[in-house]
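Q: The structure file start_24.cif (mmCIF, C-alpha atoms) is provided below.
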data_upload
#
loop_
_atom_site.group_PDB
_atom_site.id
_atom_site.type_symbol
_atom_site.label_atom_id
_atom_site.label_comp_id
_atom_site.auth_asym_id
_atom_site.auth_seq_id
_atom_site.Cartn_x
_atom_site.Cartn_y
_atom_site.Cartn_z
ATOM 1 C CA VAL A 3 -12.787 11.852 -32.930
ATOM 2 C CA ARG A 4 -9.212 13.073 -32.852
ATOM 3 C CA ARG A 5 -10.118 15.822 -30.377
ATOM 4 C CA MET A 6 -11.870 13.252 -28.166
ATOM 5 C CA LYS A 7 -8.839 10.984 -28.284
ATOM 6 C CA CYS A 8 -6.553 13.858 -27.274
ATOM 7 C CA SER A 9 -8.897 14.726 -24.397
ATOM 8 C CA ILE A 10 -8.858 11.130 -23.168
ATOM 9 C CA ILE A 11 -5.059 11.004 -23.294
ATOM 10 C CA LEU A 12 -4.838 14.297 -21.402
ATOM 11 C CA LEU A 13 -7.291 13.037 -18.752
ATOM 12 C CA VAL A 14 -5.339 9.823 -18.296
ATOM 13 C CA SER A 15 -2.007 11.629 -18.032
ATOM 14 C CA CYS A 16 -3.417 14.001 -15.398
ATOM 15 C CA LEU A 17 -5.061 11.366 -13.199
ATOM 16 C CA LEU A 18 -2.633 8.455 -13.421
ATOM 17 C CA PRO A 19 0.280 8.341 -10.920
ATOM 18 C CA VAL A 20 2.986 7.564 -13.492
ATOM 19 C CA CYS A 21 5.967 6.709 -11.306
ATOM 20 C CA GLN A 22 7.815 7.164 -8.044
ATOM 21 C CA SER A 23 11.588 7.464 -7.856
ATOM 22 C CA LEU A 24 13.460 6.556 -4.656
ATOM 23 C CA TYR A 25 17.104 6.655 -3.575
ATOM 24 C CA PHE A 26 18.600 4.384 -0.885
ATOM 25 C CA LEU A 27 21.848 3.978 0.999
ATOM 26 C CA VAL A 28 21.897 0.229 1.682
ATOM 27 C CA ASN A 29 24.139 -1.340 4.318
ATOM 28 C CA SER A 30 24.622 -4.799 5.825
ATOM 29 C CA GLU A 31 23.272 -3.930 9.288
ATOM 30 C CA LYS A 32 19.565 -3.603 8.545
ATOM 31 C CA LYS A 33 17.143 -4.089 5.661
ATOM 32 C CA LYS A 34 15.637 -1.005 4.081
ATOM 33 C CA CYS A 35 11.884 -1.615 3.799
ATOM 34 C CA PHE A 36 8.863 0.434 2.811
ATOM 35 C CA TYR A 37 5.205 -0.197 2.000
ATOM 36 C CA ILE A 38 3.104 0.467 -1.079
ATOM 37 C CA GLU A 39 -0.683 0.132 -1.206
ATOM 38 C CA GLN A 40 -2.323 -0.811 -4.484
ATOM 39 C CA PRO A 41 -5.567 -2.468 -5.631
ATOM 40 C CA ASP A 42 -5.767 -5.910 -7.184
ATOM 41 C CA SER A 43 -4.475 -6.484 -10.750
ATOM 42 C CA THR A 44 -2.236 -3.384 -10.811
ATOM 43 C CA PRO A 45 0.779 -3.923 -13.090
ATOM 44 C CA MET A 46 3.990 -2.372 -11.785
ATOM 45 C CA THR A 47 7.545 -2.135 -13.054
ATOM 46 C CA PHE A 48 10.431 -1.779 -10.598
ATOM 47 C CA SER A 49 13.338 -0.220 -12.513
ATOM 48 C CA TYR A 50 16.567 -0.293 -10.528
ATOM 49 C CA GLU A 51 20.169 0.844 -10.755
ATOM 50 C CA VAL A 52 23.031 -0.071 -8.418
ATOM 51 C CA LEU A 53 25.093 3.121 -8.514
ATOM 52 C CA ASP A 54 28.282 1.624 -7.025
ATOM 53 C CA LYS A 55 29.995 -0.525 -9.633
ATOM 54 C CA GLY A 56 30.473 -4.169 -8.621
ATOM 55 C CA ASP A 57 28.059 -3.999 -5.662
ATOM 56 C CA GLU A 58 24.968 -6.176 -5.356
ATOM 57 C CA VAL A 59 21.635 -5.564 -3.610
ATOM 58 C CA GLU A 60 19.108 -8.205 -2.566
ATOM 59 C CA PHE A 61 15.523 -7.327 -3.512
ATOM 60 C CA GLU A 62 12.569 -8.902 -1.689
ATOM 61 C CA LEU A 63 8.848 -8.348 -2.234
ATOM 62 C CA PHE A 64 6.340 -9.439 0.422
ATOM 63 C CA SER A 65 2.558 -9.649 0.426
ATOM 64 C CA GLY A 66 1.071 -7.466 3.161
ATOM 65 C CA ALA A 67 2.800 -5.325 5.787
ATOM 66 C CA VAL A 68 4.886 -8.215 7.117
ATOM 67 C CA VAL A 69 8.410 -9.422 6.425
ATOM 68 C CA ASN A 70 8.711 -13.207 6.679
ATOM 69 C CA ALA A 71 9.410 -16.196 4.451
ATOM 70 C CA GLU A 72 5.742 -17.199 4.151
ATOM 71 C CA ALA A 73 4.741 -13.808 2.740
ATOM 72 C CA ARG A 74 7.663 -13.500 0.301
ATOM 73 C CA ILE A 75 6.559 -13.179 -3.342
ATOM 74 C CA LYS A 76 9.809 -12.346 -5.133
ATOM 75 C CA GLN A 77 13.498 -12.443 -4.272
ATOM 76 C CA LYS A 78 16.351 -11.441 -6.541
ATOM 77 C CA ILE A 79 19.960 -10.280 -6.418
ATOM 78 C CA LEU A 80 20.228 -6.989 -8.332
ATOM 79 C CA LYS A 81 23.339 -6.059 -10.290
ATOM 80 C CA GLU A 82 24.019 -2.869 -12.236
ATOM 81 C CA SER A 83 20.601 -1.988 -13.725
ATOM 82 C CA GLY A 84 17.412 -3.616 -14.964
ATOM 83 C CA HIS A 85 13.746 -3.981 -14.131
ATOM 84 C CA ILE A 86 11.315 -6.368 -12.412
ATOM 85 C CA ASP A 87 7.691 -6.700 -13.554
ATOM 86 C CA TYR A 88 4.928 -7.572 -11.110
ATOM 87 C CA GLU A 89 1.122 -7.508 -11.074
ATOM 88 C CA THR A 90 -0.639 -7.364 -7.716
ATOM 89 C CA ALA A 91 -2.675 -10.438 -6.799
ATOM 90 C CA GLY A 92 -4.850 -8.757 -4.175
ATOM 91 C CA ASP A 93 -5.870 -5.448 -2.624
ATOM 92 C CA GLY A 94 -3.771 -3.871 0.098
ATOM 93 C CA PHE A 95 -0.177 -3.434 1.157
ATOM 94 C CA HIS A 96 2.999 -4.839 -0.322
ATOM 95 C CA THR A 97 6.399 -4.561 1.351
ATOM 96 C CA LEU A 98 9.635 -3.970 -0.558
ATOM 97 C CA CYS A 99 12.955 -4.650 1.178
ATOM 98 C CA PHE A 100 16.575 -4.154 0.139
ATOM 99 C CA SER A 101 19.787 -5.340 1.766
ATOM 100 C CA GLN A 102 23.468 -5.429 0.907
ATOM 101 C CA LYS A 103 24.684 -8.787 -0.415
ATOM 102 C CA PRO A 104 27.414 -9.679 0.431
ATOM 103 C CA ALA A 105 28.052 -7.459 3.453
ATOM 104 C CA LYS A 106 30.544 -4.622 3.030
ATOM 105 C CA ASP A 107 32.103 -2.077 5.360
ATOM 106 C CA ARG A 108 30.477 0.767 3.407
ATOM 107 C CA VAL A 109 27.039 1.648 2.084
ATOM 108 C CA THR A 110 25.796 0.857 -1.413
ATOM 109 C CA ARG A 111 23.948 3.548 -3.338
ATOM 110 C CA PHE A 112 20.798 2.257 -4.957
ATOM 111 C CA GLN A 113 18.054 3.898 -7.025
ATOM 112 C CA LEU A 114 14.567 2.509 -7.591
ATOM 113 C CA THR A 115 11.794 3.790 -9.845
ATOM 114 C CA ILE A 116 8.283 2.360 -9.517
ATOM 115 C CA GLU A 117 6.122 2.721 -12.638
ATOM 116 C CA TYR A 118 2.405 1.925 -12.503
ATOM 117 C CA GLY A 119 0.948 0.297 -15.588
ATOM 118 C CA HIS A 120 2.683 -1.591 -18.362
ATOM 119 C CA ASP A 121 5.956 -0.173 -19.674
ATOM 120 C CA ALA A 122 6.919 0.523 -23.302
ATOM 121 C CA GLU A 123 8.723 -2.817 -23.598
ATOM 122 C CA HIS A 124 5.463 -4.646 -22.805
ATOM 123 C CA TYR A 125 3.614 -2.949 -25.673
ATOM 124 C CA GLU A 126 6.521 -3.437 -28.086
ATOM 125 C CA GLN A 127 6.481 -7.154 -27.348
ATOM 126 C CA LEU A 128 2.682 -7.211 -27.649
ATOM 127 C CA ALA A 129 2.821 -5.554 -31.067
ATOM 128 C CA LYS A 130 5.472 -8.029 -32.205
ATOM 129 C CA ASP A 131 3.691 -11.152 -30.926
ATOM 130 C CA GLN A 132 0.151 -10.251 -32.066
ATOM 131 C CA ASN A 133 0.953 -8.048 -35.101
ATOM 132 C CA VAL A 134 -1.013 -5.151 -33.616
ATOM 133 C CA GLU A 135 -1.274 -2.041 -35.779
ATOM 134 C CA PRO A 136 0.004 1.257 -34.271
ATOM 135 C CA ILE A 137 -3.471 2.835 -33.941
ATOM 136 C CA ASN A 138 -4.843 -0.298 -32.232
ATOM 137 C CA LEU A 139 -1.795 -0.393 -29.975
ATOM 138 C CA GLU A 140 -2.452 3.211 -28.895
ATOM 139 C CA MET A 141 -6.073 2.371 -28.146
ATOM 140 C CA ARG A 142 -4.884 -0.665 -26.146
ATOM 141 C CA LYS A 143 -2.638 1.628 -24.099
ATOM 142 C CA ILE A 144 -5.511 4.033 -23.428
ATOM 143 C CA ASN A 145 -7.843 1.179 -22.423
ATOM 144 C CA ASP A 146 -5.219 -0.246 -20.056
ATOM 145 C CA GLU A 147 -4.604 3.151 -18.478
ATOM 146 C CA MET A 148 -8.324 3.848 -18.093
ATOM 147 C CA SER A 149 -8.784 0.398 -16.512
ATOM 148 C CA LEU A 150 -5.971 1.221 -14.103
ATOM 149 C CA ILE A 151 -7.649 4.512 -13.125
ATOM 150 C CA LEU A 152 -11.067 2.887 -12.668
ATOM 151 C CA ASN A 153 -9.511 0.092 -10.626
ATOM 152 C CA GLU A 154 -7.849 2.667 -8.391
ATOM 153 C CA ALA A 155 -11.124 4.601 -8.060
ATOM 154 C CA ASP A 156 -13.013 1.427 -7.055
ATOM 155 C CA TYR A 157 -10.348 0.659 -4.467
ATOM 156 C CA MET A 158 -10.528 4.190 -3.046
ATOM 157 C CA LYS A 159 -14.321 3.867 -2.867
ATOM 158 C CA HIS A 160 -13.949 0.598 -0.985
ATOM 159 C CA LYS A 161 -11.481 2.223 1.432
ATOM 160 C CA GLU A 162 -13.878 5.136 1.904
ATOM 161 C CA VAL A 163 -16.709 2.733 2.809
ATOM 162 C CA GLU A 164 -14.449 0.989 5.332
ATOM 163 C CA PHE A 165 -13.438 4.333 6.841
ATOM 164 C CA HIS A 166 -17.092 5.406 7.045
ATOM 165 C CA GLU A 167 -18.030 2.171 8.844
ATOM 166 C CA GLU A 168 -15.146 2.610 11.304
ATOM 167 C CA THR A 169 -16.215 6.217 11.922
ATOM 168 C CA GLU A 170 -19.804 5.152 12.527
ATOM 169 C CA ALA A 171 -18.626 2.486 14.979
ATOM 170 C CA MET A 172 -16.503 5.045 16.848
ATOM 171 C CA ASN A 173 -19.418 7.510 16.973
ATOM 172 C CA SER A 174 -21.696 4.768 18.308
ATOM 173 C CA ALA A 175 -19.124 3.863 20.975
ATOM 174 C CA ALA A 176 -18.702 7.528 21.883
ATOM 175 C CA LEU A 177 -22.499 7.846 22.240
ATOM 176 C CA TRP A 178 -22.922 4.840 24.545
ATOM 177 C CA PHE A 179 -19.840 5.397 26.705
ATOM 178 C CA PRO A 180 -21.224 8.439 28.652
ATOM 179 C CA MET A 181 -24.501 6.567 29.199
ATOM 180 C CA VAL A 182 -22.615 3.579 30.611
ATOM 181 C CA GLN A 183 -20.629 5.929 32.858
ATOM 182 C CA ILE A 184 -23.850 7.520 34.171
ATOM 183 C CA GLY A 185 -25.335 4.067 34.807
ATOM 184 C CA ILE A 186 -22.225 2.989 36.761
ATOM 185 C CA LEU A 187 -22.332 6.185 38.838
ATOM 186 C CA LEU A 188 -26.029 5.670 39.633
ATOM 187 C CA LEU A 189 -25.434 2.063 40.692
ATOM 188 C CA ALA A 190 -22.449 3.124 42.813
ATOM 189 C CA GLY A 191 -24.626 5.806 44.421
ATOM 190 C CA VAL A 192 -27.405 3.332 45.222
ATOM 191 C CA PHE A 193 -24.998 0.782 46.742
ATOM 192 C CA GLN A 194 -23.222 3.490 48.717
ATOM 193 C CA ALA A 195 -26.539 4.806 50.111
ATOM 194 C CA ARG A 196 -27.597 1.267 51.127
ATOM 195 C CA HIS A 197 -24.229 0.674 52.752
ATOM 196 C CA LEU A 198 -24.452 3.918 54.738
ATOM 197 C CA LYS A 199 -28.015 3.119 55.813
ATOM 198 C CA PHE A 200 -26.951 -0.363 56.982
ATOM 199 C CA PHE A 201 -23.938 1.136 58.803
ATOM 200 C CA PHE A 202 -26.025 3.733 60.647
ATOM 201 C CA LYS A 203 -28.592 1.101 61.673
ATOM 202 C CA SER A 204 -25.920 -1.287 62.911
ATOM 203 C CA THR A 205 -24.337 1.455 65.045
ATOM 204 C CA LYS A 206 -27.843 2.546 66.209
ATOM 205 C CA VAL A 207 -27.311 6.056 64.904
ATOM 206 C CA ILE A 208 -30.760 5.860 63.302
#
Would you encode the structure as structure tokens?
A:
Amino acid sequence: VRRMKCSIILLVSCLLPVCQSLYFLVNSEKKKCFYIEQPDSTPMTFSYEVLDKGDEVEFELFSGAVVNAEARIKQKILKESGHIDYETAGDGFHTLCFSQKPAKDRVTRFQLTIEYGHDAEHYEQLAKDQNVEPINLEMRKINDEMSLILNEADYMKHKEVEFHEETEAMNSAALWFPMVQIGILLLAGVFQARHLKFFFKSTKVI
């Protein structure tokens, strides 16, 4: 049983994208934005650190690949360091944007780490609130991580089906397009021949 548990942990650690760390130079001229694509019900933790003491950065999270007030999910002024927890409410893209607040005549250095899955603080709080024993807590972590992997796999399968359907549609269009071209050329040839015949008859050439 212990060997099986170790194998499961090793499998999870190999397959799961643990985190992404990013570094920004934020100014007042333009928002720094980027996209992430995740399936539904994916817990994420955005750990941040404002590297220039006393500076502040505005954080905005939008649903989809758009940046407008209607799509905004979260908005917060970030100071020094901390973290923001979020769980996706649908498949697809999310947009993260950062801007300097208030505006300064220099850039603000900012670091962001995105962790997928629940962080250690979540499980510590869970153990405290529900009096979960350490072994059960470890099994809860493994179950959550396996659910995250399976959720990602289902999403990738769904994306693969969509890509396959788009490819089939393109192949079908590519098959019919030459036939349509040939049909147009034949019709043009017929009309041109009739026009020439009418022209020659009207000029009494034939």
Q: Stretch 122-132 of chain A: which residues within 8 Å, counting only C-alpha atoms, same-chain residues fewer than 3 positions away excluded, as a PDB file with C-alpha atoms, keeping the file's coordinate frame?
A:
ATOM      1  CA  GLU A 135      -1.274  -2.041 -35.779  1.00  0.00           C
ATOM      2  CA  LEU A 139      -1.795  -0.393 -29.975  1.00  0.00           C
ATOM      3  CA  LYS A 143      -2.638   1.628 -24.099  1.00  0.00           C
TER       4      LYS A 143
END
Q: Suppose you want the space between atom CA of A:Ser101 and atom CA of A:Glu31; what is it in Å?
A: 8.4 Å
Q: I need the residue nearest A:Tyr118 from this list: A:Thr90, A:Tyr25, A:Lys33, A:Phe202. Use all atoms listed in the file for the distance.
A: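 Closest candidate: A:Thr90.
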Q: Take atom CA of A:Glu117 and atom CA of A:Phe61 and report the distance between them in Å, one decimal.
A: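 Pair atom CA of A:Glu117 / atom CA of A:Phe61 returns 16.5 Å.
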Q: Edge lengths and centre in Å to one decimal, as JSON, is what I'm after for the box along x, y and z that holds all listed atoms of stretch 98-102 of chain A once 3 Å is added on each side.
A:
{"center_x": 16.6, "center_y": -4.7, "center_z": 0.6, "size_x": 19.8, "size_y": 7.5, "size_z": 8.3}
Q: Between atom CA of A:Leu98 and atom CA of A:Arg74, what is the spacing in Å?
A: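 If I compute the distance from atom CA of A:Arg74 to atom CA of A:Leu98, I get 9.8 Å.
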Q: Compile the contact shell of A:Thr115 as a PDB file with C-alpha atoms, keeping the file's coordinate frame: residues with an atom at most 7 Å away, counting all atoms listed in the file, same-chain residues fewer than 3 positions apart removed.
A:
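Result file out_1.pdb:
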ATOM      1  CA  CYS A  21       5.967   6.709 -11.306  1.00  0.00           C
ATOM      2  CA  GLN A  22       7.815   7.164  -8.044  1.00  0.00           C
ATOM      3  CA  SER A  23      11.588   7.464  -7.856  1.00  0.00           C
ATOM      4  CA  LEU A  24      13.460   6.556  -4.656  1.00  0.00           C
ATOM      5  CA  PHE A  48      10.431  -1.779 -10.598  1.00  0.00           C
ATOM      6  CA  SER A  49      13.338  -0.220 -12.513  1.00  0.00           C
ATOM      7  CA  TYR A  50      16.567  -0.293 -10.528  1.00  0.00           C
TER       8      TYR A  50
END
Q: Which one is closest to A:Ser43: A:Met172, A:Ala91, A:Leu187, A:Val163? Count only C-alpha atoms.
A: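 Looking at the shortest contact to A:Ser43, the residue is A:Ala91.
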Q: From the options A:Glu82, A:Glu89, A:Glu147, A:Glu167, which residue's atoms come nearest to A:Glu51, counting all atoms listed in the file?
A: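 Of the candidates, the smallest distance to A:Glu51 is held by A:Glu82.
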Q: So which one's closest to A:Ser30, A:Gly119, A:Pro104, A:Pro136, A:Pro180? Using only C-alpha atoms, please.
A: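 Among the listed residues, A:Pro104 lies closest to A:Ser30.
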Q: Starting from the shown file, work through the PyMOL selection byres ((chain A and resi 57) around 10) and note down what comes out as a PDB file with C-alpha atoms, keeping the file's coordinate frame.
A:
ATOM      1  CA  VAL A  52      23.031  -0.071  -8.418  1.00  0.00           C
ATOM      2  CA  LEU A  53      25.093   3.121  -8.514  1.00  0.00           C
ATOM      3  CA  ASP A  54      28.282   1.624  -7.025  1.00  0.00           C
ATOM      4  CA  LYS A  55      29.995  -0.525  -9.633  1.00  0.00           C
ATOM      5  CA  GLY A  56      30.473  -4.169  -8.621  1.00  0.00           C
ATOM      6  CA  GLU A  58      24.968  -6.176  -5.356  1.00  0.00           C
ATOM      7  CA  VAL A  59      21.635  -5.564  -3.610  1.00  0.00           C
ATOM      8  CA  LEU A  80      20.228  -6.989  -8.332  1.00  0.00           C
ATOM      9  CA  LYS A  81      23.339  -6.059 -10.290  1.00  0.00           C
ATOM     10  CA  GLU A  82      24.019  -2.869 -12.236  1.00  0.00           C
ATOM     11  CA  GLN A 102      23.468  -5.429   0.907  1.00  0.00           C
ATOM     12  CA  LYS A 103      24.684  -8.787  -0.415  1.00  0.00           C
ATOM     13  CA  PRO A 104      27.414  -9.679   0.431  1.00  0.00           C
ATOM     14  CA  ALA A 105      28.052  -7.459   3.453  1.00  0.00           C
ATOM     15  CA  LYS A 106      30.544  -4.622   3.030  1.00  0.00           C
ATOM     16  CA  VAL A 109      27.039   1.648   2.084  1.00  0.00           C
ATOM     17  CA  THR A 110      25.796   0.857  -1.413  1.00  0.00           C
ATOM     18  CA  ARG A 111      23.948   3.548  -3.338  1.00  0.00           C
ATOM     19  CA  PHE A 112      20.798   2.257  -4.957  1.00  0.00           C
TER      20      PHE A 112
END
Q: Show me the residues close to (4.5, -7.1, 4.7) - anything with an atom within 6 Å, counting only C-alpha atoms - and format the list as a ChimeraX atom specification.
A: /A:64-69,96-97
Q: I need the residue set behind the PyMOL selection byres ((chain A and resi 150) around 12) for this file; please write it as a ChimeraX atom specification.
A: /A:14-15,17-20,40-46,89-90,118-120,143-149,151-157
Q: Which one of A:Gln113, A:Thr205, A:Arg108, A:Glu72 sits closest to A:Gly84 if you count all atoms listed in the file?
A: A:Gln113
Q: Of the candidates A:Phe179, A:Phe100, A:Phe95, A:Tyr88, which shows the shortest atom-to-atom distance to A:Ala73, using only C-alpha atoms?
A: A:Phe95
